[in-house]
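The file start27.pdb comes next; it holds PDB, C-alpha atoms.
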```pdb
MODEL        1
ATOM      1  CA  MET D   1      84.093 -56.755 -20.488
ATOM      2  CA  LYS D   2      82.619 -57.410 -23.972
ATOM      3  CA  LYS D   3      79.908 -59.564 -22.451
ATOM      4  CA  ILE D   4      78.928 -56.797 -20.035
ATOM      5  CA  LEU D   5      78.780 -54.259 -22.882
ATOM      6  CA  LEU D   6      76.720 -56.634 -25.004
ATOM      7  CA  LEU D   7      74.301 -56.933 -22.097
ATOM      8  CA  ILE D   8      74.186 -53.250 -21.195
ATOM      9  CA  ILE D   9      73.756 -51.750 -24.699
ATOM     10  CA  PRO D  10      70.526 -53.601 -25.663
ATOM     11  CA  LEU D  11      69.190 -52.946 -22.159
ATOM     12  CA  PHE D  12      69.919 -49.223 -22.523
ATOM     13  CA  LEU D  13      68.302 -49.107 -25.985
ATOM     14  CA  LEU D  14      65.224 -50.924 -24.691
ATOM     15  CA  THR D  15      64.883 -48.525 -21.764
ATOM     16  CA  THR D  16      65.280 -45.436 -23.974
ATOM     17  CA  ASN D  17      62.677 -46.715 -26.443
ATOM     18  CA  ASN D  18      60.289 -47.444 -23.610
ATOM     19  CA  LEU D  19      60.754 -43.996 -22.140
ATOM     20  CA  ASN D  20      60.020 -42.326 -25.481
ATOM     21  CA  GLY D  21      56.918 -44.411 -25.941
ATOM     22  CA  GLN D  22      55.592 -43.811 -22.415
ATOM     23  CA  GLY D  23      52.420 -41.826 -21.924
ATOM     24  CA  LEU D  24      50.558 -39.310 -24.038
ATOM     25  CA  SER D  25      52.627 -36.609 -25.703
ATOM     26  CA  VAL D  26      51.636 -32.957 -25.223
ATOM     27  CA  LYS D  27      50.379 -32.871 -28.822
ATOM     28  CA  LYS D  28      48.272 -36.021 -28.423
ATOM     29  CA  PHE D  29      46.876 -34.822 -25.095
ATOM     30  CA  GLY D  30      45.909 -31.504 -26.725
ATOM     31  CA  ASN D  31      44.311 -33.299 -29.678
ATOM     32  CA  LYS D  32      42.190 -35.398 -27.316
ATOM     33  CA  LEU D  33      41.291 -32.484 -25.044
ATOM     34  CA  ILE D  34      40.076 -30.281 -27.902
ATOM     35  CA  LYS D  35      37.502 -32.941 -28.781
ATOM     36  CA  GLU D  36      35.747 -32.443 -25.430
ATOM     37  CA  ASP D  37      32.276 -30.825 -25.621
ATOM     38  CA  GLN D  38      33.163 -27.571 -23.927
ATOM     39  CA  ALA D  39      36.705 -27.137 -25.166
ATOM     40  CA  TYR D  40      38.101 -24.108 -26.941
ATOM     41  CA  GLY D  41      41.529 -23.946 -28.429
ATOM     42  CA  VAL D  42      43.819 -21.645 -30.309
ATOM     43  CA  ARG D  43      47.105 -22.232 -32.099
ATOM     44  CA  ILE D  44      49.210 -19.172 -32.723
ATOM     45  CA  PRO D  45      51.888 -19.719 -35.366
ATOM     46  CA  ASN D  46      55.237 -17.964 -35.480
ATOM     47  CA  TRP D  47      54.328 -15.433 -38.216
ATOM     48  CA  LEU D  48      51.316 -14.256 -36.205
ATOM     49  CA  ILE D  49      53.354 -13.976 -32.997
ATOM     50  CA  ASN D  50      55.970 -11.959 -34.898
ATOM     51  CA  ASN D  51      53.326  -9.621 -36.285
ATOM     52  CA  ALA D  52      51.738  -9.277 -32.857
ATOM     53  CA  GLY D  53      55.167  -8.230 -31.679
ATOM     54  CA  LYS D  54      55.271  -5.514 -34.322
ATOM     55  CA  TRP D  55      51.711  -4.286 -33.710
ATOM     56  CA  SER D  56      52.019  -4.341 -29.895
ATOM     57  CA  SER D  57      48.563  -3.124 -28.868
ATOM     58  CA  ILE D  58      48.302   0.538 -27.946
ATOM     59  CA  ASP D  59      46.681  -0.300 -24.590
ATOM     60  CA  LEU D  60      49.855  -1.893 -23.267
ATOM     61  CA  GLU D  61      52.508  -0.277 -21.095
ATOM     62  CA  GLU D  62      55.805   0.480 -22.857
ATOM     63  CA  GLN D  63      57.578  -2.266 -20.859
ATOM     64  CA  GLU D  64      54.938  -4.844 -21.868
ATOM     65  CA  LYS D  65      55.242  -3.843 -25.547
ATOM     66  CA  GLU D  66      59.022  -4.221 -25.301
ATOM     67  CA  MET D  67      58.594  -7.660 -23.739
ATOM     68  CA  ILE D  68      56.265  -8.843 -26.526
ATOM     69  CA  ARG D  69      58.561  -7.434 -29.221
ATOM     70  CA  GLU D  70      61.648  -9.140 -27.806
ATOM     71  CA  LEU D  71      60.031 -12.471 -26.951
ATOM     72  CA  SER D  72      58.026 -12.801 -30.174
ATOM     73  CA  LYS D  73      61.204 -13.227 -32.242
ATOM     74  CA  ASP D  74      62.071 -16.460 -30.441
ATOM     75  CA  ILE D  75      58.658 -18.038 -29.902
ATOM     76  CA  LYS D  76      57.894 -20.617 -32.560
ATOM     77  CA  LYS D  77      54.284 -21.357 -31.689
ATOM     78  CA  ILE D  78      51.767 -21.279 -28.875
ATOM     79  CA  ARG D  79      48.860 -23.606 -28.319
ATOM     80  CA  ILE D  80      46.210 -22.826 -25.725
ATOM     81  CA  ILE D  81      43.244 -25.031 -24.857
ATOM     82  CA  VAL D  82      40.627 -24.378 -22.218
ATOM     83  CA  ALA D  83      38.072 -27.067 -21.429
ATOM     84  CA  SER D  84      35.431 -26.800 -18.756
ATOM     85  CA  MET D  85      33.818 -29.795 -17.077
ATOM     86  CA  ALA D  86      35.586 -32.272 -19.347
ATOM     87  CA  SER D  87      34.896 -36.006 -19.182
ATOM     88  CA  ASP D  88      36.563 -38.279 -16.621
ATOM     89  CA  GLN D  89      38.811 -39.565 -19.409
ATOM     90  CA  VAL D  90      40.707 -36.259 -19.123
ATOM     91  CA  LYS D  91      42.088 -37.224 -15.729
ATOM     92  CA  GLU D  92      43.364 -40.526 -17.078
ATOM     93  CA  ASP D  93      44.858 -38.738 -20.086
ATOM     94  CA  TYR D  94      46.410 -36.144 -17.793
ATOM     95  CA  ASN D  95      48.114 -38.864 -15.748
ATOM     96  CA  SER D  96      49.364 -40.421 -18.963
ATOM     97  CA  LEU D  97      50.626 -37.002 -20.095
ATOM     98  CA  ARG D  98      52.465 -36.576 -16.782
ATOM     99  CA  THR D  99      54.223 -39.908 -17.382
ATOM    100  CA  HIS D 100      55.381 -38.600 -20.747
ATOM    101  CA  LEU D 101      56.430 -35.242 -19.303
ATOM    102  CA  LYS D 102      58.435 -36.931 -16.564
ATOM    103  CA  SER D 103      60.500 -38.743 -19.180
ATOM    104  CA  GLN D 104      60.999 -35.825 -21.572
ATOM    105  CA  TYR D 105      60.701 -32.609 -19.563
ATOM    106  CA  ASP D 106      61.908 -31.167 -16.252
ATOM    107  CA  ASN D 107      59.239 -30.274 -13.739
ATOM    108  CA  LEU D 108      59.805 -26.734 -12.493
ATOM    109  CA  ILE D 109      56.842 -26.187 -10.215
ATOM    110  CA  GLU D 110      53.955 -28.271  -9.006
ATOM    111  CA  ALA D 111      51.322 -26.698  -6.780
ATOM    112  CA  ARG D 112      47.909 -27.542  -5.465
ATOM    113  CA  SER D 113      45.416 -25.375  -3.662
ATOM    114  CA  GLU D 114      41.919 -26.507  -2.679
ATOM    115  CA  ASP D 115      40.595 -28.014  -5.911
ATOM    116  CA  SER D 116      43.160 -26.799  -8.463
ATOM    117  CA  LYS D 117      46.438 -28.286  -9.506
ATOM    118  CA  LEU D 118      49.103 -26.362 -11.377
ATOM    119  CA  ASP D 119      52.104 -27.761 -13.232
ATOM    120  CA  LEU D 120      54.958 -26.061 -15.028
ATOM    121  CA  TRP D 121      57.377 -28.090 -17.155
ATOM    122  CA  ILE D 122      60.333 -27.163 -19.297
ATOM    123  CA  LYS D 123      62.237 -28.935 -22.037
ATOM    124  CA  MET D 124      65.723 -27.634 -22.703
ATOM    125  CA  LYS D 125      68.541 -28.518 -25.037
ATOM    126  CA  ASN D 126      71.772 -27.114 -23.702
ATOM    127  CA  ASP D 127      71.059 -23.407 -23.193
ATOM    128  CA  GLU D 128      67.935 -23.350 -25.366
ATOM    129  CA  ILE D 129      64.381 -23.521 -24.042
ATOM    130  CA  LYS D 130      62.693 -25.833 -26.544
ATOM    131  CA  SER D 131      59.322 -26.049 -24.889
ATOM    132  CA  LEU D 132      57.369 -24.735 -21.919
ATOM    133  CA  PHE D 133      54.242 -26.507 -20.788
ATOM    134  CA  PHE D 134      51.853 -25.063 -18.243
ATOM    135  CA  SER D 135      48.610 -26.628 -17.074
ATOM    136  CA  VAL D 136      45.916 -26.046 -14.485
ATOM    137  CA  ILE D 137      43.422 -28.803 -13.789
ATOM    138  CA  ASP D 138      40.465 -28.557 -11.405
ATOM    139  CA  ASP D 139      38.684 -31.348  -9.573
ATOM    140  CA  ASP D 140      35.620 -30.779 -11.796
ATOM    141  CA  ASN D 141      37.850 -31.675 -14.787
ATOM    142  CA  SER D 142      38.213 -28.107 -16.028
ATOM    143  CA  VAL D 143      41.563 -27.791 -17.748
ATOM    144  CA  ALA D 144      43.684 -24.915 -19.017
ATOM    145  CA  PHE D 145      46.684 -25.885 -21.082
ATOM    146  CA  PHE D 146      49.480 -23.760 -22.561
ATOM    147  CA  ASP D 147      52.126 -25.257 -24.791
ATOM    148  CA  ILE D 148      54.829 -22.877 -25.942
ATOM    149  CA  LYS D 149      57.558 -23.906 -28.383
ATOM    150  CA  THR D 150      60.546 -21.584 -28.417
ATOM    151  CA  LYS D 151      64.114 -21.155 -29.605
ATOM    152  CA  LEU D 152      64.877 -18.796 -26.746
ATOM    153  CA  THR D 153      68.245 -19.217 -25.076
ATOM    154  CA  MET D 154      68.920 -18.330 -21.450
ATOM    155  CA  GLU D 155      71.648 -15.945 -22.615
ATOM    156  CA  LYS D 156      69.196 -14.107 -24.905
ATOM    157  CA  LEU D 157      66.553 -13.949 -22.186
ATOM    158  CA  LYS D 158      69.075 -12.530 -19.757
ATOM    159  CA  GLY D 159      70.140  -9.902 -22.270
ATOM    160  CA  MET D 160      66.636  -8.710 -23.117
ATOM    161  CA  ASN D 161      65.916  -5.128 -22.076
ATOM    162  CA  PHE D 162      62.560  -5.888 -20.467
ATOM    163  CA  PHE D 163      64.136  -8.660 -18.385
ATOM    164  CA  GLN D 164      66.903  -6.384 -17.127
ATOM    165  CA  GLU D 165      64.299  -3.745 -16.241
ATOM    166  CA  LEU D 166      62.263  -6.368 -14.378
ATOM    167  CA  GLU D 167      65.340  -7.426 -12.422
ATOM    168  CA  ALA D 168      66.102  -3.844 -11.515
ATOM    169  CA  LEU D 169      62.658  -3.458  -9.875
TER     170      LEU D 169
ATOM    171  CA  MET H   1      83.118 -59.576 -11.025
ATOM    172  CA  ARG H   2      84.747 -56.711  -9.124
ATOM    173  CA  LYS H   3      83.063 -54.235 -11.494
ATOM    174  CA  LEU H   4      79.665 -55.810 -10.875
ATOM    175  CA  LEU H   5      80.248 -55.594  -7.127
ATOM    176  CA  LEU H   6      81.193 -51.930  -7.509
ATOM    177  CA  ILE H   7      78.004 -51.224  -9.512
ATOM    178  CA  GLY H   8      75.972 -53.080  -6.868
ATOM    179  CA  PHE H   9      77.628 -51.074  -4.102
ATOM    180  CA  LEU H  10      76.957 -47.755  -5.883
ATOM    181  CA  MET H  11      73.322 -48.703  -6.465
ATOM    182  CA  SER H  12      72.778 -49.666  -2.842
ATOM    183  CA  PHE H  13      74.440 -46.408  -1.753
ATOM    184  CA  THR H  14      71.997 -44.435  -3.946
ATOM    185  CA  LEU H  15      69.040 -46.390  -2.546
ATOM    186  CA  GLY H  16      70.337 -45.716   0.947
ATOM    187  CA  LEU H  17      70.387 -41.979   0.275
ATOM    188  CA  GLN H  18      66.820 -42.125  -0.995
ATOM    189  CA  ALA H  19      65.666 -43.960   2.120
ATOM    190  CA  GLN H  20      66.932 -41.112   4.310
ATOM    191  CA  ASN H  21      64.318 -38.820   2.847
ATOM    192  CA  ASP H  22      61.541 -41.381   2.976
ATOM    193  CA  ALA H  23      59.838 -40.077   6.116
ATOM    194  CA  ILE H  24      59.363 -36.587   4.696
ATOM    195  CA  SER H  25      58.577 -37.802   1.201
ATOM    196  CA  LYS H  26      56.015 -40.257   2.561
ATOM    197  CA  TYR H  27      54.371 -37.601   4.701
ATOM    198  CA  PHE H  28      54.426 -35.123   1.814
ATOM    199  CA  ASN H  29      53.047 -37.661  -0.680
ATOM    200  CA  GLN H  30      50.322 -38.676   1.759
ATOM    201  CA  TYR H  31      48.822 -35.173   1.663
ATOM    202  CA  ARG H  32      50.009 -33.718  -1.651
ATOM    203  CA  ASP H  33      46.642 -34.447  -3.326
ATOM    204  CA  ASP H  34      44.534 -33.799  -0.243
ATOM    205  CA  ASP H  35      42.029 -30.938  -0.758
ATOM    206  CA  ARG H  36      42.590 -29.678   2.776
ATOM    207  CA  PHE H  37      46.214 -28.839   1.989
ATOM    208  CA  THR H  38      47.942 -26.279  -0.142
ATOM    209  CA  MET H  39      50.976 -27.930  -1.682
ATOM    210  CA  VAL H  40      53.919 -26.372  -3.492
ATOM    211  CA  SER H  41      56.888 -28.232  -4.871
ATOM    212  CA  ILE H  42      59.701 -26.342  -6.574
ATOM    213  CA  ASN H  43      62.301 -28.514  -8.222
ATOM    214  CA  GLN H  44      66.044 -28.266  -8.755
ATOM    215  CA  LYS H  45      65.734 -27.163 -12.384
ATOM    216  CA  MET H  46      63.726 -24.113 -11.333
ATOM    217  CA  PHE H  47      66.431 -23.036  -8.891
ATOM    218  CA  GLU H  48      69.080 -23.584 -11.579
ATOM    219  CA  LEU H  49      67.129 -21.342 -13.947
ATOM    220  CA  ILE H  50      66.671 -18.646 -11.309
ATOM    221  CA  ALA H  51      70.403 -18.792 -10.563
ATOM    222  CA  ASN H  52      71.180 -18.469 -14.285
ATOM    223  CA  LEU H  53      68.893 -15.520 -14.734
ATOM    224  CA  THR H  54      69.844 -13.676 -11.574
ATOM    225  CA  GLU H  55      71.812 -10.454 -11.806
ATOM    226  CA  GLU H  56      75.575 -10.894 -11.924
ATOM    227  CA  ASP H  57      76.154  -8.540  -9.012
ATOM    228  CA  THR H  58      74.132 -10.781  -6.673
ATOM    229  CA  ASP H  59      76.015 -12.200  -3.695
ATOM    230  CA  ASP H  60      78.096 -15.191  -4.911
ATOM    231  CA  GLU H  61      77.046 -17.396  -2.009
ATOM    232  CA  VAL H  62      73.347 -16.709  -2.658
ATOM    233  CA  LEU H  63      73.881 -17.619  -6.337
ATOM    234  CA  GLU H  64      75.810 -20.753  -5.387
ATOM    235  CA  MET H  65      73.108 -21.726  -2.928
ATOM    236  CA  LEU H  66      70.369 -21.190  -5.525
ATOM    237  CA  SER H  67      72.149 -23.400  -8.043
ATOM    238  CA  GLU H  68      72.716 -26.102  -5.441
ATOM    239  CA  LEU H  69      69.198 -26.237  -4.035
ATOM    240  CA  LYS H  70      67.636 -29.579  -4.932
ATOM    241  CA  GLY H  71      64.079 -28.801  -4.002
ATOM    242  CA  LEU H  72      61.601 -26.953  -1.874
ATOM    243  CA  LYS H  73      58.422 -28.585  -0.651
ATOM    244  CA  ILE H  74      55.648 -26.807   1.205
ATOM    245  CA  LEU H  75      52.504 -28.273   2.770
ATOM    246  CA  MET H  76      50.012 -25.953   4.453
ATOM    247  CA  THR H  77      46.589 -26.381   5.974
ATOM    248  CA  GLU H  78      44.224 -24.420   8.155
ATOM    249  CA  GLU H  79      42.111 -27.469   9.035
ATOM    250  CA  SER H  80      42.931 -29.176  12.355
ATOM    251  CA  PRO H  81      46.433 -27.681  12.308
ATOM    252  CA  LYS H  82      47.405 -28.918  15.750
ATOM    253  CA  SER H  83      46.592 -32.536  14.999
ATOM    254  CA  PHE H  84      48.518 -32.403  11.702
ATOM    255  CA  TYR H  85      51.482 -30.833  13.492
ATOM    256  CA  ASN H  86      51.448 -33.581  16.129
ATOM    257  CA  GLU H  87      51.130 -36.234  13.418
ATOM    258  CA  ALA H  88      54.089 -34.768  11.513
ATOM    259  CA  VAL H  89      56.260 -34.602  14.615
ATOM    260  CA  ALA H  90      55.370 -38.204  15.466
ATOM    261  CA  LYS H  91      55.884 -39.538  11.931
ATOM    262  CA  ILE H  92      59.045 -37.697  11.042
ATOM    263  CA  ASN H  93      61.958 -39.260  12.759
ATOM    264  CA  THR H  94      63.228 -36.164  14.480
ATOM    265  CA  LYS H  95      66.241 -38.123  15.741
ATOM    266  CA  GLU H  96      67.609 -37.950  12.208
ATOM    267  CA  TYR H  97      67.594 -34.194  12.521
ATOM    268  CA  GLU H  98      69.392 -31.821  14.772
ATOM    269  CA  GLU H  99      67.217 -29.161  16.310
ATOM    270  CA  LEU H 100      68.431 -25.795  15.159
ATOM    271  CA  MET H 101      65.892 -23.601  16.828
ATOM    272  CA  THR H 102      62.459 -23.744  18.443
ATOM    273  CA  VAL H 103      60.173 -20.780  18.796
ATOM    274  CA  ARG H 104      57.254 -21.406  21.112
ATOM    275  CA  ASP H 105      54.527 -18.999  22.102
ATOM    276  CA  LYS H 106      50.948 -19.422  23.245
ATOM    277  CA  ASP H 107      49.611 -19.525  19.670
ATOM    278  CA  GLN H 108      52.125 -21.642  17.797
ATOM    279  CA  ASN H 109      55.238 -23.791  17.784
ATOM    280  CA  ILE H 110      57.945 -23.322  15.183
ATOM    281  CA  GLN H 111      60.643 -25.977  14.907
ATOM    282  CA  PHE H 112      63.714 -25.682  12.707
ATOM    283  CA  LEU H 113      65.428 -29.014  12.123
ATOM    284  CA  VAL H 114      68.563 -29.625  10.081
ATOM    285  CA  LYS H 115      70.331 -32.664   8.713
ATOM    286  CA  ASP H 116      74.029 -33.277   8.022
ATOM    287  CA  GLN H 117      75.317 -30.126   9.563
ATOM    288  CA  GLN H 118      78.805 -29.060   8.472
ATOM    289  CA  LYS H 119      80.436 -26.784  11.005
ATOM    290  CA  GLY H 120      77.080 -25.169  11.739
ATOM    291  CA  LYS H 121      77.046 -23.137   8.535
ATOM    292  CA  ILE H 122      76.015 -25.473   5.756
ATOM    293  CA  VAL H 123      73.249 -28.099   5.950
ATOM    294  CA  ASN H 124      71.942 -30.629   3.458
ATOM    295  CA  GLU H 125      68.357 -30.367   4.553
ATOM    296  CA  LEU H 126      66.325 -27.857   6.485
ATOM    297  CA  LEU H 127      62.935 -28.869   7.800
ATOM    298  CA  LEU H 128      60.549 -26.327   9.233
ATOM    299  CA  LEU H 129      57.428 -27.325  11.134
ATOM    300  CA  VAL H 130      54.885 -24.732  12.200
ATOM    301  CA  GLY H 131      51.877 -25.775  14.243
ATOM    302  CA  GLY H 132      49.384 -23.504  15.899
ATOM    303  CA  GLU H 133      45.743 -22.591  16.327
ATOM    304  CA  ASP H 134      45.472 -21.199  12.805
ATOM    305  CA  GLU H 135      47.689 -23.235  10.517
ATOM    306  CA  PHE H 136      50.075 -26.092  10.070
ATOM    307  CA  VAL H 137      53.042 -25.591   7.754
ATOM    308  CA  LEU H 138      55.730 -28.058   6.709
ATOM    309  CA  ILE H 139      58.618 -26.740   4.657
ATOM    310  CA  SER H 140      61.488 -28.877   3.457
ATOM    311  CA  PHE H 141      64.530 -27.370   1.772
ATOM    312  CA  GLU H 142      66.972 -29.843   0.237
ATOM    313  CA  GLY H 143      70.424 -29.151  -1.164
ATOM    314  CA  LYS H 144      73.476 -27.294   0.008
ATOM    315  CA  ILE H 145      72.020 -24.685   2.313
ATOM    316  CA  TYR H 146      74.038 -21.850   3.809
ATOM    317  CA  LEU H 147      72.100 -20.999   6.947
ATOM    318  CA  ASN H 148      73.492 -17.488   7.125
ATOM    319  CA  LYS H 149      72.291 -16.761   3.585
ATOM    320  CA  LEU H 150      68.915 -18.460   3.800
ATOM    321  CA  SER H 151      66.905 -15.604   5.251
ATOM    322  CA  LYS H 152      68.291 -13.278   2.554
ATOM    323  CA  LEU H 153      67.324 -15.784  -0.132
ATOM    324  CA  VAL H 154      63.844 -16.256   1.347
ATOM    325  CA  LYS H 155      63.276 -12.498   1.258
ATOM    326  CA  ASN H 156      64.295 -12.494  -2.426
ATOM    327  CA  LEU H 157      62.066 -15.451  -3.317
ATOM    328  CA  ASP H 158      59.017 -13.825  -1.673
ATOM    329  CA  ILE H 159      56.973 -17.050  -1.416
ATOM    330  CA  ASP H 160      53.979 -17.242   0.935
ATOM    331  CA  GLY H 161      54.603 -19.581   3.829
ATOM    332  CA  LEU H 162      58.346 -18.969   4.028
ATOM    333  CA  GLU H 163      58.096 -15.957   6.356
ATOM    334  CA  SER H 164      58.992 -18.139   9.358
ATOM    335  CA  LEU H 165      62.438 -18.740   7.883
ATOM    336  CA  GLU H 166      63.227 -15.070   8.389
ATOM    337  CA  HIS H 167      63.518 -15.993  12.110
ATOM    338  CA  LEU H 168      66.915 -17.468  11.193
ATOM    339  CA  ASP H 169      68.208 -13.924  10.960
ATOM    340  CA  LYS H 170      67.744 -13.395  14.676
TER     341      LYS H 170
ENDMDL
END
```
So that I can check it, write out the structure of this file as structure tokens.
Amino acid sequence: MKKILLLIIPLFLLTTNNLNGQGLSVKKFGNKLIKEDQAYGVRIPNWLINNAGKWSSIDLEEQEKEMIRELSKDIKKIRIIVASMASDQVKEDYNSLRTHLKSQYDNLIEARSEDSKLDLWIKMKNDEIKSLFFSVIDDDNSVAFFDIKTKLTMEKLKGMNFFQELEAL
Amino acid sequence: MRKLLLIGFLMSFTLGLQAQNDAISKYFNQYRDDDRFTMVSINQKMFELIANLTEEDTDDEVLEMLSELKGLKILMTEESPKSFYNEAVAKINTKEYEELMTVRDKDQNIQFLVKDQQKGKIVNELLLLVGGEDEFVLISFEGKIYLNKLSKLVKNLDIDGLESLEHLDK
């Protein structure tokens, strides 16, 4: 029994280390993508999201304002990058990113239509949504990337007024 | 030694289960990146989240079914639909499946196939093939599927391409 454990434990540790080291992380992929010629990016920190929640633009419907107010408390940061006609390296990086996502995230939805591919991934710890990653990549290497870090729990989301109103529709 | 044999047996059992889905997975993977097709794949985690976030007064069986769905795969094309339909029928080993229902009219064929039927109410896989003049659609539902609740669930999910499953109501 001891021999089996001695064999299994190092094997398990090796596998876990390999999985963590596999592929490009979301952060690294974003850092590479933003260096493309026609790439634009924005990082929205928590304090700005919170303030946006308080300001809640006058043009929005009451339900949308409520949604922003409630969600903004639990969103830690958002990073958005849009790159058009990026280099071919992006596709390689994207595949590497997918390898990383497969080991760290759960894939929720994958869709493809004509020349666009959409991916939605989630990283959860127990009931808490730690991270949401959404990407759209076109055959001409145009990429849109949204990385959202949150501390939102499923229970909180379920209890939010805007969510209950949405469900009632 | 006995433990190692047990581990080996469990591993081969898991591999065996994976092989059952090979025909559909292979066909799906063959065209998932093909520009002519629209592809949608919704994974187990998504269904778990939907089940978690769904209203508490929702039908218990619908909730249970949502949380036990392992995946939904859709392939659709409007290019040479008849030839893709024939290819799918030929490639997918339809002997593995029990035919649940076939709807045939002059424009299209709709085949509902199920696997591992339990008393006619619950299936582990539902495969839908639609082939006609206008489009070819392949839909594969995996998980614990209550046939009598499926059409209700499909109406709630409101996903393009799943309309054919509402035939199960009839």
key: Neighbour residues at most 8 Å from (50.4, -27.6, -14.1) (all atoms listed in the file) as an NGL selection string   = :D and (109-111 or 117-121 or 133-137)
Expected file contents, prior selection, C-alpha atoms, as a PDB file, in the coordinates of the input:
```
ATOM      1  CA  ILE D 109      56.842 -26.187 -10.215  1.00  0.00           C
ATOM      2  CA  GLU D 110      53.955 -28.271  -9.006  1.00  0.00           C
ATOM      3  CA  ALA D 111      51.322 -26.698  -6.780  1.00  0.00           C
ATOM      4  CA  LYS D 117      46.438 -28.286  -9.506  1.00  0.00           C
ATOM      5  CA  LEU D 118      49.103 -26.362 -11.377  1.00  0.00           C
ATOM      6  CA  ASP D 119      52.104 -27.761 -13.232  1.00  0.00           C
ATOM      7  CA  LEU D 120      54.958 -26.061 -15.028  1.00  0.00           C
ATOM      8  CA  TRP D 121      57.377 -28.090 -17.155  1.00  0.00           C
ATOM      9  CA  PHE D 133      54.242 -26.507 -20.788  1.00  0.00           C
ATOM     10  CA  PHE D 134      51.853 -25.063 -18.243  1.00  0.00           C
ATOM     11  CA  SER D 135      48.610 -26.628 -17.074  1.00  0.00           C
ATOM     12  CA  VAL D 136      45.916 -26.046 -14.485  1.00  0.00           C
ATOM     13  CA  ILE D 137      43.422 -28.803 -13.789  1.00  0.00           C
TER      14      ILE D 137
END
```
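The nearest approach to Ile145 of chain H among the residues H:Leu113, H:Ile24, H:Met46, H:Val62, with only C-alpha atoms taken into account, belongs to H:Val62.
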Hey, list the chain H side of the contact with chain D: 10 Å cut-off, all atoms listed in the file, answer as a short mmCIF file (atom, residue, chain, number, x, y, z; two decimals) with C-alpha atoms, keeping the file's coordinate frame.
```
data_model
loop_
_atom_site.label_atom_id
_atom_site.label_comp_id
_atom_site.auth_asym_id
_atom_site.auth_seq_id
_atom_site.Cartn_x
_atom_site.Cartn_y
_atom_site.Cartn_z
CA MET H 1 83.12 -59.58 -11.02
CA LYS H 3 83.06 -54.24 -11.49
CA LEU H 4 79.67 -55.81 -10.88
CA ARG H 32 50.01 -33.72 -1.65
CA ASP H 33 46.64 -34.45 -3.33
CA ASP H 34 44.53 -33.80 -0.24
CA ASP H 35 42.03 -30.94 -0.76
CA ARG H 36 42.59 -29.68 2.78
CA PHE H 37 46.21 -28.84 1.99
CA THR H 38 47.94 -26.28 -0.14
CA MET H 39 50.98 -27.93 -1.68
CA VAL H 40 53.92 -26.37 -3.49
CA SER H 41 56.89 -28.23 -4.87
CA ILE H 42 59.70 -26.34 -6.57
CA ASN H 43 62.30 -28.51 -8.22
CA GLN H 44 66.04 -28.27 -8.76
CA LYS H 45 65.73 -27.16 -12.38
CA MET H 46 63.73 -24.11 -11.33
CA PHE H 47 66.43 -23.04 -8.89
CA GLU H 48 69.08 -23.58 -11.58
CA LEU H 49 67.13 -21.34 -13.95
CA ASN H 52 71.18 -18.47 -14.28
CA LEU H 53 68.89 -15.52 -14.73
CA THR H 54 69.84 -13.68 -11.57
CA GLU H 55 71.81 -10.45 -11.81
CA GLY H 71 64.08 -28.80 -4.00
CA LEU H 72 61.60 -26.95 -1.87
CA LYS H 73 58.42 -28.58 -0.65
CA ILE H 74 55.65 -26.81 1.20
CA LEU H 75 52.50 -28.27 2.77
CA MET H 76 50.01 -25.95 4.45
CA THR H 77 46.59 -26.38 5.97
#
```
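As for atom CA of Phe136 of chain H and atom CA of Tyr85 of chain H, they are spaced 6.0 Å apart.
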task = Taking the file above as input, evaluate the PyMOL selection byres ((chain H and resi 95-103) around 7) and report the hits as a ChimeraX atom specification.
result = /H:93-94,104-105,109-115
query = Given the file above and the PyMOL selection byres ((chain D and resi 80-84) around 7), which residues are selected, and can you give them as a PyMOL selection string?
reply = chain D and resi 34+38-43+78-79+85-86+141-147
